[in-house]
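Following: one structure in structure tokens, then a few remarks.
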Amino acid sequence: MRWNLRPIPPEEDVKKLAQSIGIPSTIATLLLQRGINSFEEAKAFYRPELEHLHDPFLMKDMDKAVARIETAIKQNQNIMVFGDYDVDGTSSVALMASYLLSYYPNITTYIPDRYNEGYGVSIAGIDYAIDNDCSLIIALDCGVKAVDKIAYAKQKGVHFIVCDHHRPGDQLPDAIAVLDPKRDDCDYPFKELCGCGVGFKLIQALHSNQHRDFDELLPYLDLVATAIGADIVPITGENRVLAYYGMQVINQLPRPGFQAIISQSKKESFTITDVVFIIAPRINAAGRMKHGMHAVNLLMEEDLEQASEIAQEIETYNLNRREADAAITVEALALIEADGETENNTTVVFDPDWHKGVIGIVASRLIETYYRPTIVFTRSGDVLAASARSVRGFDVYEAIAACSEHLIQFGGHKYAAGMTVAPEKYKAFKAAFELEVKNTIPPSMKVPELQVDLQLNLDEINPKFYRLLRQFAPFGPGNLTPVFMSQDLRDTGWAKGVGENNAHLKLTVEQGGKERFGAIGFGLGDSLESLKNKTFKAAYNIDENVWQGRTSLQLKLKDLKTN
């Protein structure tokens with residue numbers, strides 16, 4: 001990896017902030033690097049308050065959305081809650097439907113079939129609403145680009161409220177309300193909500209219009225925190241507040257669906273990282289391998305025994321998903337080798353038989369081997385469907401948009417996108433995408449970059465320092481877990497490979513013959529031989545290791561470089 005040490009703030013600023021809060025200069029440096037410059041800002045960062053949430057009516061069209069829902073309720077109309085099949089979409093549907101059902105019964109839910117309908121608002125979903133006499137559809141985590149489909153619904157007498165967070169196209173759909181902070185004409189102060197976050201702002205607006213206590217909404221924040229983590233939106237500003245309180249709900253009073261998943265994991269407490277790697281993949285697996293409604297049913301289930309049965313079923317889907325993505329990754333890597341495309345600027349691969357539900361995961365896996373923008377295609381009916389993933393700093397959505405003349409449709413954001421293409425246009429798109437990336441990607445983005453926050457000596461690491469670090473949580477984009485660097489380290493002689501095929505590295509490091517810390521490096525097993533009798537520098541996070549009832553601090557290695 002290419003290590004990039006963040007700029008160190010001016011010494012006088014560090015000293016001033018450290019004194020005003022009563023913290024070590026290392027912690028003050030980390031805060032300043034995160035844009036926190038004063039006691040007041042630090043207080044808001046360390047202790048997020050619900051009062052920091054913005055007025056939902058600042059969002060464009062919020063008044064129209066609330067008025068239309070209230071009219072539907074007054075006139076006893078049926079409402080359909082529609083959402084995408086990923087974590088953000090299914091969490092959004094569970095959030096909106098369970099909230100509305102708490103005081104109004106005429107609610108139905110709908111998740112499109114990944115394989116038969118594809119992403120976003122579907123004609124089949126609209127027809128389902130018509131067949132079930134639903135005069136209003138609330139679309140979550142999708143809809144902002146569904147101009148034609150929402151026009152079709154309006155023609156049939158069905159109104160739409162769109163709650164989306166993706167970039168709008170040139171034309172907004174003709175809906176009753178389009179709630180999307182990324183609209184050019186929307187002055188909402190925080191632009192980085194996920195789809196579930198936009199949905200939460202709508203229920204916040206409905207709730208406040210009824211003059212009800214905000215605290216009644218707290219139990220819904222576990223869903224919002226899960227969507228924030230899974231959708232990789234910045235955990236700053238309003239997202240930090242929502243994630244902070246949502247994680248409290250997950251750890252103290254989780255809904256039965258989460259409780260069922262948590263009990264399978266055997267973990268006592270969850271961080272947002274655990275949500276991303278334990279809860280989110282299981283929710284996603286339902287839509288990938290079977291149908292997203294299984295995830296909605298799990299998240300809305302109020303009986304723990306029933307939730308446990310659904311969670312067990314979803315666990316089976318998750319195991320099948322793992323097997324599928326591992327097998328397809330091997331096939332895709334072989335394809336890249338066979339086609340002689342190892343030196344390309346992009347990875348674009350296609351196989352008609354690959355499982356559509358896992359191609360996004362496979363794209364991420366391929367980036368681990370060939371670090372470059374990646375698109376994985378498979379057949380979906382009469383067209384080819386794909387998932388794209390990108391490398392740090394490169395906007396894959398913009399690159400795809402530049403080649404859109406070859407596509408049927410596309411959507412997404414900077415680091416992840418989806419698209420469909422006619423089979424005869426695949427080669428032309430592949431060539432155009434390679435050329436576009438070649439012309440726009442800086443050479444530095446072709447090498448994995450590791451952002452290092454601060455250089456430390458090992459004697460600066462102690463339980464008090466770690467306690468202060470933990471208060472930076474919840475971590476995520478915009479507030480990543482701090483990465484430290486230490487130089488002149490040595491292995492004490494007990495380094496060994498662990499795990500399957502000794503893929504991981506376990507050792508005890510020392511600095512200057514004094515301070516010692518246990519260290520674990522996942523995926524760094526190949527470094528074992530190079531460490532013997534040499535000094536090296538390490539980049540790492542600090543975390544806790546619990547072994548036989550004893551808790552100690554350890555270094556979670558990100559990368560090593562021998563001197």
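Just so we're on the same page: first chain in the structure tokens is A, next is B, and so on; residues restart at 1 for each chain, and ligands are numbered from 1 in the order they show up.
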Please give the complete set of residues from range 139-259 of chain A that DSSP, run on the backbone, assigns to strand (DSSP E or B), formatted as an NGL selection string.
:A and (139-140 or 159-163 or 177-179)
Would you list the contacts of Phe433 in chain A as a PyMOL selection string, taking every protein, DNA or RNA residue within 9 Å and counting only C-alpha atoms, but skipping same-chain residues closer than 5 positions in sequence?
chain A and resi 346+348+399-400+402-403+428+438
Could you give me, as a list in words, the residues within 9 Å of Phe472 in chain A, counting only C-alpha atoms and dropping anything in the same chain fewer than 2 positions from it?
Leu31, Phe45, Tyr46, Leu468, Leu469, Arg470, Pro474, Phe475, Asn479 and Thr481 of chain A
Would you compute the distance between CA of Ala260 in chain A and CA of Arg240 in chain A? Give it in Å to one decimal.
25.5 Å
With DSSP run on the backbone, what are the helix (DSSP H, G or I) residues within range 2-201 of chain A? I'd like them as a PyMOL selection string.
chain A and resi 11-21+25-33+39-46+50-52+56-58+62-74+87-101+123-131+147-155+195-201
Mind checking which residues fall within 9 Å of Gly195 in chain A, counting only C-alpha atoms, ignoring those fewer than 6 positions away in the same chain, and posting them as a list of chain:residue names?
A:Asp88, A:Gly89, A:Ser91, A:Ser92, A:Leu140, A:Asp141, A:Cys142, A:Cys163, A:Asp164, A:His165, A:His166, A:Asp180, A:Val224, A:Ala227, A:Ile228, A:Asp231
Now that the selection is made, can you save its residues with C-alpha atoms as an mmCIF file, in the first residue's frame?
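Once everything was written out, this is part06.cif:
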data_model
loop_
_atom_site.group_PDB
_atom_site.id
_atom_site.type_symbol
_atom_site.label_atom_id
_atom_site.label_comp_id
_atom_site.auth_asym_id
_atom_site.auth_seq_id
_atom_site.Cartn_x
_atom_site.Cartn_y
_atom_site.Cartn_z
ATOM 1 C CA ASP A 88 -31.132 0.465 2.912
ATOM 2 C CA GLY A 89 -34.319 -0.344 0.989
ATOM 3 C CA SER A 91 -34.769 -1.197 6.385
ATOM 4 C CA SER A 92 -36.623 1.803 4.940
ATOM 5 C CA LEU A 140 -37.958 4.568 -0.383
ATOM 6 C CA ASP A 141 -34.299 4.422 -1.447
ATOM 7 C CA CYS A 142 -35.392 4.651 -5.092
ATOM 8 C CA CYS A 163 -37.909 9.324 -0.510
ATOM 9 C CA ASP A 164 -34.519 8.950 -2.169
ATOM 10 C CA HIS A 165 -30.900 9.962 -1.636
ATOM 11 C CA HIS A 166 -29.429 9.226 -5.067
ATOM 12 C CA ASP A 180 -34.176 14.041 -1.831
ATOM 13 C CA VAL A 224 -31.625 3.839 10.499
ATOM 14 C CA ALA A 227 -28.868 1.424 6.848
ATOM 15 C CA ILE A 228 -26.287 4.173 7.522
ATOM 16 C CA ASP A 231 -24.947 2.063 2.666
#
Write out as a list in words each polymer residue whose atoms come within 9 Å of Ser98 in chain A, counting only C-alpha atoms; drop sequence neighbours fewer than 5 positions from it.
Val93, Tyr220 and Met300 of chain A
Within 9 Å of range 330-342 of chain A, which residues of range 346-464 of chain A come that close, and what is the closest atom pair and distance in Å for each? Count only C-alpha atoms and give it as a Markdown table.
| residue | atom | partner | partner_atom | distance |
| --- | --- | --- | --- | --- |
| A:Thr346 | CA | A:Glu341 | CA | 8.6 |
| A:Thr347 | CA | A:Glu341 | CA | 7.7 |
| A:Val348 | CA | A:Ile336 | CA | 8.6 |
| A:Val349 | CA | A:Ala332 | CA | 6.8 |
| A:Phe350 | CA | A:Ala332 | CA | 8.1 |
| A:Asp351 | CA | A:Ala332 | CA | 8.4 |
| A:Val362 | CA | A:Ala332 | CA | 8.3 |
| A:Leu366 | CA | A:Leu333 | CA | 7.2 |
| A:Thr369 | CA | A:Leu333 | CA | 8.5 |
| A:Tyr370 | CA | A:Thr342 | CA | 7.4 |
| A:Val376 | CA | A:Ala332 | CA | 8.6 |
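Proximity of A:Arg167, A:Asp127, A:His52, A:Thr90 to Lys154 in chain A, computed with only C-alpha atoms, is greatest for A:Asp127.
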